[in-house]
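What follows is a set of notes on a single structure, which appears directly below.
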Amino acid sequence: MTTSTKAAERRYSHTKIEAKWQARWAKDGIYQVRDDDPRPKWYELTMYPYPSGDIHIGHWYAMAPSDAHARFRKMQGYNVLHPMGFDAFGLPAENAAIKSGIHPFKHTMANIENMRRQLRAMGTMYDWDREVVTCTPEYYKWNQWIFLQFHKADLAYRDFAPANWCPSCNTVLANEQVEDGHCERCQTEVTHRDLNQWFFRITKYADELLDHSKIEWPEKINIMQTNWIGRSDGVEVEFDISEYGLEQKALATFTTRIDTVFGVTFVVVAPEHSLVAELTTAEHKDEVEAYVAQARRQTEVERMSTEKEKTGVFTGAYCVNRLNGERVPILVADYVLSTYGTGVVMGVPAHDQRDFEFAKKYDLPIRVVIAPPDWDGQDMSEAFVEEGTQVNSGLFDGLPNAEGLERIADHVEAEGWGRRDVNYRMRDWLISRQRYWGTPIPIVYCDECGTVPVPEKDLPVLLPEDAEFRPTGESPLALPEGFVNTACPDCSRPAKRETDTMDTFVDSSWYQLRFTSPHYHDGAFEPEVAAQWSPVDQYTGGAEHAVMHLLYARFFNKALRDLGLVDFDEPFVRLFSQGHIIADSQKMSKSRGNVVGPDAYVERVGADAVRAYLMFLGPWDQGGEWSDSGINGMSRWLNRIWELCLRPAAHQKPELILDTVAPNPENVRDLRREVHKTVRRVTEDLDKFKFNTSLAALMELSNSMNQAWEKKGIDSETWREAVEKLLLLLAPMAPHVTEELWERTGHEFSIHDSRWPEWDRELAADEVITLVVQVNGRLRDRIEVPASISEDDAKSAALASDRVKPYIEGKELARVVYVSGKLVNIVAR
C-alpha cells in the first residue's frame, strides 16, 4: 500500500458516502413503516417545522437528536413510526404574497420542496410516504370536519369579544401570541378590537387539563400549564344595585377571600361591562366615556401588568354590601377585564396591596377586617395579607380568618347572596383569524336560517385561488365574490360564507393522529390504525409551546375522546423539551442575522459531523453555542473512527492479521471490559437523551481501542467485537459513515436493521466505586474502593481516611452506617 493510498484511507469521502446510502435507503425502503409489523410499536414524534424556506441549524438541533433517538429505538427491536410533515399555514406566506405577489400556496410548496431536500440530507429515517402538509385540502378538510363535530357538541361557538389586534399582521392574536404587549411574530404593539369570532370551549376541560398524572412530562411544562389554567376556588358574591331600577338587580364578583368581604370599601367594573353606561350618572358621563375609550386602546396585557399603576373613575353609582348593609362606590378601572371572571372586582384595601395603593390614591376608606397578632386598632402602613383574626366582621368577629372564610361562605350561600364557585385564568380558545392562509371555517350565514354549518358532504370548503392580498384589516377571503356568495345549505336562499380562517394551532392539535393514516379518505384518521399507534410514546419539541400547542393538543384529544373518536386520554405519553442552540451568545433568529445555515457545513464536513457535533454540544435540554472549531473537531474524530475501524483485524481473517503477536490476556480483558462498559453507558444515556455523554463514552472507547492496538496482543475476534459494537453504538448519531464501515467490515446491509448490542454484566461491572464519607451528616471525604468491597471493609476504609480522622479522634463512635455502594455515615459524639 502506497503512502498516498494510506493517507486516503484515513479520511472518508462524506459526499459520496452520504449520497450513496441515502439513495440505497430510499431504494430499499428500509424506513417505510408497516402497520402489520409484529414488533412492539414505538411512536416517536418531533414537532414539525413551518416551511420558512430553509432548514437552519436550529431545526437540525431539534430534529437530528430526535432522529437519533428514534433510530436507537428501532435498533432495540421496536417498530418505530417517526414521521415528518409541514405546518404549512400561517402569516409569513401571506405576508410574502403581499410583498412579492407570489401566491401563498406556490410560495409554501416551493419552500417545502427545498426543506424536504435538506431533511433528507440530514440522514433522517422519516417515512416520507406518511408526510402531512397542512395547507393541502386533503388535510384541512378534516380540520373543517372536526370543527363541525365540535359545533354539534357545543364545543365551538361564536361570540362578540374584545380581541388582541396586530395592526402589522392585520390579524387577531390569541393571548398566548402576545409578548409584553407586542405581536410575537413581528413585535408590533398590539391594540384592541371587538369582533364577532369563533371559539373552542377549552375551559370545559380545565380541571382535566390540570391532571398530569397520566403523562411523563418535564415538571416545568406541567407547572406552566397549571399556572396558565389558573384554577381558583372561591365564592361568587352579589352586591345589590336594585335601587337603580335596572333589569339586572345585582353585580356579581368572584373572590378567593370571602373572609375579607366586610372590608369592601369600593367595587370596580371593567370598562367593557354592559352596565357601565346604565350605572354612570349624567354628572360623571363624560369622564367615564373618555376613560373607557382610553382603556379600549390598550391591550389586555398592558392593562393586567403588575407594574402598571392602577387607575379608575367614579361612575356616580353605588352598590350595597349585603353582609353589612353598607353602600360602596362603583368605579370603572382598566385593570378589570370583562372576559375574566364576572368583570367585577371588590376592593378590599386593608388586605390587598394594590387595592391599598388604589384607595390611598383616590382617598377611599381602608377598613381592617383581618387583624394581625397584637393589633391595637391603629391604621396600617400597608395591606395585611397574612393569617389573622376576624374583626369588624359582625357575627364572625374573633374567628381565625381561615375558619371565618368557610363560615362566611356558608352564610352567603344560606342567605342566597352567592355561592361557592371555581374560576379559571384560562379562557376559551379564540380560533378566528382575519387572514387568507388558513383553514376556512365551514359556516354559512343566512338571513332566514341564521348560522348554518356546511354539510359534511360539501367539505372541504376550498380556499379561492383568486384572492387579493391587501395590507388592510379585512380578510382576503372577504373579497372574492365567488367565495363569499353561496347558497344556504338549509333553504337554498342566497347566503354569505364565514370569511375568517382557523388559528394554525388547530392543524397541529391532531396531526399526530393523521400521521398514522395520512392517505385515509373516509375520515380524519383510520380508527383501527390510530388506535394501534396511539398515543405517541415520545414527543420532542420546545418548551415555548407549553401553553399553546401542547395544551391545545391535550384539549383536542380529550374532546375527540368524548366524541367517541379515540379511546385514550392524552396525545403524548412522554415529552422531552430541547434547549436552544445559540450563536454569538444569542438565540438564532433571522432578525438578529445570526442564523447558521447547515448546507455549507454538510458540504464541507458531512451530515454525520454536523449531527454528532450538535449532539455533543452539551445536554440537549439545555442547548449550547455553535462553534466552527467544535464542528471541525468532530469531523476529525469521525475520520479517526474511519481509520480505526478499517485496520486489518476488523475485517480480515486471523491468518492475514498483520500483527502476529500472541494475544495478551490482560490486554484482551481490559479492552473487552471497556467495550461492554461503553455499551451499558451509551444504552443508558441514549435512553435519557444524553447524547453528549454517549458521544463522550464513544470517544473514550475509541481512545482505548487505539491504545490496545498499540500495546498489541489483541486477537482478531476481540478487535472485531470492539469495532462492531463501536459502529452499532455510533449508528443512530452518525448513520452514513457507520453504514459504510459496516459494509466494509464484512457485514450485511443494513446496520440500522441490526440489533442493538447487549453488554455482559460481569464485564461491564465497575471495578472501582466512589464512596461518600460523612461525619454527623457533613461531607468529609470521597474514597475510591473496590466495587466488591464488603460492609466491614468499607467502614474500615472510611474510618482510616486522613480527612476523616480529625473529626472523630477523641470522640465516641455512636454509629457507623453503610449504604451499599454509596456512602458511609459516621455518628461521633
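We name chains A, B, ... following the order of the C-alpha cells; residues begin at 1 in each chain, and ligands are numbered from 1 as shown.
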Residues at most 6 Å from Ile431 in chain A, counting only C-alpha atoms, excluding those fewer than 4 positions away in the same chain, as a PyMOL selection string?
-> chain A and resi 198-199+502-503
Contacts of range 239-252 of chain A at 7 Å (only C-alpha atoms; same-chain gap of 6+ positions) as JSON, numbers by chain | {"A": [319, 320, 321, 322, 342, 344]}
Just the residues within 10 Å of Ile370 in chain A, please, counting only C-alpha atoms, with nothing from its chain fewer than 6 positions along; format it as a ChimeraX atom specification.
-> /A:259-260,262-263,350-351,384-393,397-401,404
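Interatomic distance, CA of Asn227 in chain A against CA of Leu210 in chain A: 9.3 Å.
Between CA of Ala609 in chain A and CA of Ala543 in chain A lies a distance of 26.6 Å.
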Hey, could you make a per-residue contact list for range 323-393 of chain A against range 416-429 of chain A with 9 Å as the cut-off, showing the nearest pair of atoms and its distance in Å to one decimal, counting only C-alpha atoms, sorted by chain and number, as a Markdown table?
| residue | atom | partner | partner_atom | distance |
| --- | --- | --- | --- | --- |
| A:Leu323 | CA | A:Trp417 | CA | 8.9 |
| A:Thr339 | CA | A:Arg427 | CA | 7.8 |
| A:Tyr340 | CA | A:Arg425 | CA | 7.0 |
| A:Gly341 | CA | A:Asn423 | CA | 6.6 |
Dump of N, CA, C and O atoms for the selected residues, as a compact mmCIF listing (two decimals), in the first residue's frame:
# COMPACT_ATOMS: atom_id res chain seq x y z
N LEU A 323 -73.78 41.99 53.34
CA LEU A 323 -73.36 41.42 54.62
C LEU A 323 -73.35 42.46 55.74
O LEU A 323 -73.47 42.12 56.91
N THR A 339 -63.63 39.79 30.31
CA THR A 339 -63.51 38.39 29.90
C THR A 339 -62.95 37.51 31.00
O THR A 339 -62.80 36.31 30.81
N TYR A 340 -62.61 38.08 32.14
CA TYR A 340 -62.06 37.29 33.24
C TYR A 340 -63.03 37.37 34.42
O TYR A 340 -63.35 38.46 34.90
N GLY A 341 -63.49 36.21 34.88
CA GLY A 341 -64.46 36.20 35.97
C GLY A 341 -65.75 36.84 35.52
O GLY A 341 -66.26 36.60 34.43
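Candidate residues A:Phe356, A:Phe572, A:Trp742, A:Phe525 were compared for distance to Thr540 in chain A, and the nearest is A:Phe572, using only C-alpha atoms.
Nearest residue to Glu216 in chain A, choosing from A:Val332, A:Val573, A:Ala26, A:Ala524 and counting only C-alpha atoms: A:Val573.
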Per-residue DSSP, range 640-723 of chain A, filtered to alpha helix (DSSP H), as JSON, numbers by chain | {"A": [640, 641, 642, 643, 644, 645, 665, 666, 667, 668, 669, 670, 671, 672, 673, 674, 675, 676, 677, 678, 679, 680, 681, 682, 683, 684, 685, 686, 687, 691, 692, 693, 694, 695, 696, 697, 698, 699, 700, 701, 702, 703, 704, 705, 706, 707, 708, 709, 710, 711, 716, 717, 718, 719, 720, 721, 722, 723]}
Exercise: Ser492 in chain A partners within 12 Å, only C-alpha atoms, chain neighbours under 4 positions left out, as a compact mmCIF listing (two decimals) with N, CA, C and O atoms, in the first residue's frame:
# COMPACT_ATOMS: atom_id res chain seq x y z
N VAL A 444 -71.94 29.06 7.14
CA VAL A 444 -72.64 29.95 6.21
C VAL A 444 -73.64 30.77 7.03
O VAL A 444 -74.27 30.25 7.96
N TYR A 445 -73.80 32.05 6.66
CA TYR A 445 -74.74 32.94 7.35
C TYR A 445 -75.89 33.27 6.41
O TYR A 445 -75.69 33.79 5.32
N CYS A 446 -77.08 32.93 6.87
CA CYS A 446 -78.28 33.11 6.07
C CYS A 446 -79.24 34.03 6.81
O CYS A 446 -79.44 33.89 8.03
N ASP A 447 -79.83 34.99 6.10
CA ASP A 447 -80.76 35.93 6.73
C ASP A 447 -81.98 35.20 7.30
O ASP A 447 -82.60 35.67 8.27
N GLU A 448 -82.34 34.09 6.70
CA GLU A 448 -83.52 33.35 7.14
C GLU A 448 -83.17 32.31 8.22
O GLU A 448 -83.86 32.17 9.21
N CYS A 449 -82.10 31.59 8.00
CA CYS A 449 -81.79 30.43 8.86
C CYS A 449 -80.74 30.73 9.92
O CYS A 449 -80.50 29.89 10.81
N VAL A 452 -75.41 28.58 9.82
CA VAL A 452 -75.66 27.23 9.30
C VAL A 452 -74.33 26.53 9.03
O VAL A 452 -73.51 27.04 8.24
N ASN A 485 -70.22 34.65 -1.69
CA ASN A 485 -71.63 34.44 -2.02
C ASN A 485 -71.90 32.97 -2.30
O ASN A 485 -71.27 32.35 -3.16
N THR A 486 -72.85 32.41 -1.57
CA THR A 486 -73.18 30.99 -1.72
C THR A 486 -74.66 30.81 -1.44
O THR A 486 -75.39 31.79 -1.23
N ALA A 487 -75.11 29.58 -1.45
CA ALA A 487 -76.50 29.27 -1.13
C ALA A 487 -76.57 28.65 0.25
O ALA A 487 -75.69 27.89 0.66
N CYS A 488 -77.62 28.98 0.97
CA CYS A 488 -77.81 28.40 2.30
C CYS A 488 -78.03 26.90 2.17
O CYS A 488 -78.88 26.45 1.39
N LYS A 496 -74.07 34.09 2.86
CA LYS A 496 -72.66 34.50 2.88
C LYS A 496 -71.83 33.48 3.65
O LYS A 496 -72.26 32.98 4.68
For Glu468 in chain A: contacts at 10 Å, only C-alpha atoms, fewer than 6 positions along chain excluded, given as a PyMOL selection string = chain A and resi 97-98+101+103+436+475-480
Take the residues that were just selected and, keeping N, CA and C atoms, output them as a CSV table (one decimal), in the first residue's frame.
chain,number,residue,atom,x,y,z
A,97,ALA,N,-46.9,36.9,0.1
A,97,ALA,CA,-47.8,37.2,-1.1
A,97,ALA,C,-48.1,38.7,-1.3
A,98,ILE,N,-48.2,39.4,-0.2
A,98,ILE,CA,-48.5,40.8,-0.2
A,98,ILE,C,-47.3,41.5,-0.8
A,101,GLY,N,-46.2,39.2,-4.5
A,101,GLY,CA,-47.2,38.8,-5.4
A,101,GLY,C,-47.2,37.3,-5.7
A,103,HIS,N,-48.3,33.7,-4.9
A,103,HIS,CA,-49.5,33.1,-4.2
A,103,HIS,C,-48.9,32.2,-3.0
A,436,TYR,N,-56.1,34.9,5.0
A,436,TYR,CA,-56.4,34.0,4.0
A,436,TYR,C,-55.8,32.6,4.2
A,475,SER,N,-60.1,40.4,5.9
A,475,SER,CA,-59.6,39.2,5.4
A,475,SER,C,-59.6,39.1,3.9
A,476,PRO,N,-58.6,38.6,3.2
A,476,PRO,CA,-58.7,38.4,1.8
A,476,PRO,C,-59.8,37.5,1.3
A,477,LEU,N,-60.3,36.7,2.2
A,477,LEU,CA,-61.4,35.9,1.9
A,477,LEU,C,-62.7,36.7,1.8
A,478,ALA,N,-62.8,37.9,2.3
A,478,ALA,CA,-64.0,38.7,2.2
A,478,ALA,C,-64.1,39.3,0.9
A,479,LEU,N,-63.1,39.3,0.0
A,479,LEU,CA,-63.1,40.0,-1.3
A,479,LEU,C,-63.6,39.2,-2.4
A,480,PRO,N,-63.3,37.9,-2.7
A,480,PRO,CA,-63.7,37.2,-3.8
A,480,PRO,C,-65.2,36.9,-3.8
Hey, which of A:Leu729, A:Leu644, A:Val33, A:Ala553 ends up closest to Ile202 in chain A? Count only C-alpha atoms.
-> A:Ala553
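Among the candidates A:Val190, A:Val276, A:Ile30, A:Leu209, the one nearest to Asn164 in chain A when counting only C-alpha atoms is A:Val190.
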10 Å contact set for range 633-640 of chain A, only C-alpha atoms, chain neighbours under 3 positions out, as a ChimeraX atom specification | /A:9-14,604-614,616,628-630,643-646,699,702-703,706,734,737-738
Restricted to C-alpha atoms, what would the selected residues look like written as a JSON list (two decimals), in the first residue's frame?
[["chain", "number", "residue", "atom", "x", "y", "z"],
["A", 9, "GLU", "CA", -7.83, 5.62, 3.82],
["A", 10, "ARG", "CA", -7.53, 7.91, 6.85],
["A", 11, "ARG", "CA", -10.23, 10.23, 5.55],
["A", 12, "TYR", "CA", -13.60, 9.24, 4.15],
["A", 13, "SER", "CA", -15.45, 10.96, 1.31],
["A", 14, "HIS", "CA", -18.55, 12.08, 3.15],
["A", 604, "ARG", "CA", -17.57, 20.68, 3.91],
["A", 605, "VAL", "CA", -17.57, 18.10, 6.73],
["A", 606, "GLY", "CA", -20.67, 15.97, 6.11],
["A", 607, "ALA", "CA", -24.08, 15.48, 7.69],
["A", 608, "ASP", "CA", -22.77, 12.99, 10.24],
["A", 609, "ALA", "CA", -20.28, 15.51, 11.60],
["A", 610, "VAL", "CA", -23.00, 18.17, 11.88],
["A", 611, "ARG", "CA", -25.39, 15.75, 13.57],
["A", 612, "ALA", "CA", -22.81, 14.45, 16.02],
["A", 613, "TYR", "CA", -21.47, 17.90, 16.83],
["A", 614, "LEU", "CA", -24.93, 19.22, 17.68],
["A", 616, "PHE", "CA", -22.07, 16.75, 21.62],
["A", 628, "ASP", "CA", -16.83, 26.29, 13.91],
["A", 629, "SER", "CA", -13.82, 24.95, 15.77],
["A", 630, "GLY", "CA", -16.06, 22.48, 17.58],
["A", 643, "GLU", "CA", -9.19, 4.80, 10.12],
["A", 644, "LEU", "CA", -9.55, 2.81, 13.35],
["A", 645, "CYS", "CA", -12.32, 0.57, 12.04],
["A", 646, "LEU", "CA", -10.55, -0.17, 8.78],
["A", 699, "MET", "CA", -14.62, 8.87, 22.21],
["A", 702, "SER", "CA", -12.02, 4.79, 20.51],
["A", 703, "ASN", "CA", -9.02, 6.00, 22.54],
["A", 706, "ASN", "CA", -6.22, 2.74, 19.78],
["A", 734, "ALA", "CA", -23.77, 9.14, 12.58],
["A", 737, "VAL", "CA", -20.33, 6.64, 7.97],
["A", 738, "THR", "CA", -21.36, 3.73, 10.19]]
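Interatomic distance, CA of Asp67 in chain A to CA of Asp54 in chain A: 18.7 Å.
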Using only C-alpha atoms, determine which residues lie at most 8 Å from Lys310 in chain A, disregarding the query and same-chain residues fewer than 3 positions distant; provide the list as a PyMOL selection string.
-> chain A and resi 333-335+354+358
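If only C-alpha atoms are the atoms counted, then among A:Thr439, A:Tyr318, A:Ala409, A:Glu184 the closest residue to Thr255 in chain A is A:Ala409.
Of the residues under consideration (A:Arg647, A:His580, A:His545, A:Arg407), A:His580 shows the shortest atom-to-atom contact distance to Glu625 in chain A when counting only C-alpha atoms.
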Sorted per-residue table, range 430-476 of chain A near range 125-136 of chain A, closest atoms and distance, 12 Å, only C-alpha atoms, as CSV:
residue,atom,partner,partner_atom,distance
A:Tyr436,CA,A:Cys135,CA,11.3
A:Trp437,CA,A:Cys135,CA,8.0
A:Gly438,CA,A:Cys135,CA,7.2
A:Thr439,CA,A:Cys135,CA,7.7
A:Pro440,CA,A:Cys135,CA,10.9
A:Pro460,CA,A:Thr136,CA,10.2
A:Val461,CA,A:Thr136,CA,11.7
A:Leu462,CA,A:Thr136,CA,9.5
A:Leu463,CA,A:Cys135,CA,9.7
Considering only C-alpha atoms, tabulate each residue of range 716-735 of chain A that lies at most 8 Å from range 663-686 of chain A along with its nearest interatomic pair and the corresponding distance in Å to one decimal; arrange the rows by chain and ascending residue number and present them as CSV.
residue,atom,partner,partner_atom,distance
A:Thr718,CA,A:Val668,CA,6.8
A:Ala722,CA,A:Val675,CA,6.1
A:Lys725,CA,A:Val675,CA,7.4
A:Leu726,CA,A:Val675,CA,7.9
A:Leu729,CA,A:Val682,CA,7.1
Those same residues, written as a PDB file, in the first residue's frame with N, CA and C atoms?
ATOM      1  N   THR A 718     -11.497 -10.337  19.332  1.00  0.00           N
ATOM      2  CA  THR A 718     -11.746  -9.248  20.283  1.00  0.00           C
ATOM      3  C   THR A 718     -11.788  -7.908  19.567  1.00  0.00           C
ATOM      4  N   ALA A 722     -14.965  -5.260  19.217  1.00  0.00           N
ATOM      5  CA  ALA A 722     -14.867  -3.845  19.599  1.00  0.00           C
ATOM      6  C   ALA A 722     -15.332  -2.945  18.468  1.00  0.00           C
ATOM      7  N   LYS A 725     -19.235  -3.291  17.904  1.00  0.00           N
ATOM      8  CA  LYS A 725     -20.044  -2.613  18.922  1.00  0.00           C
ATOM      9  C   LYS A 725     -19.865  -1.097  18.843  1.00  0.00           C
ATOM     10  N   LEU A 726     -18.675  -0.630  18.540  1.00  0.00           N
ATOM     11  CA  LEU A 726     -18.462   0.805  18.350  1.00  0.00           C
ATOM     12  C   LEU A 726     -19.362   1.333  17.246  1.00  0.00           C
ATOM     13  N   LEU A 729     -23.114   1.313  18.262  1.00  0.00           N
ATOM     14  CA  LEU A 729     -23.434   2.367  19.229  1.00  0.00           C
ATOM     15  C   LEU A 729     -23.428   3.746  18.589  1.00  0.00           C
TER      16      LEU A 729
END
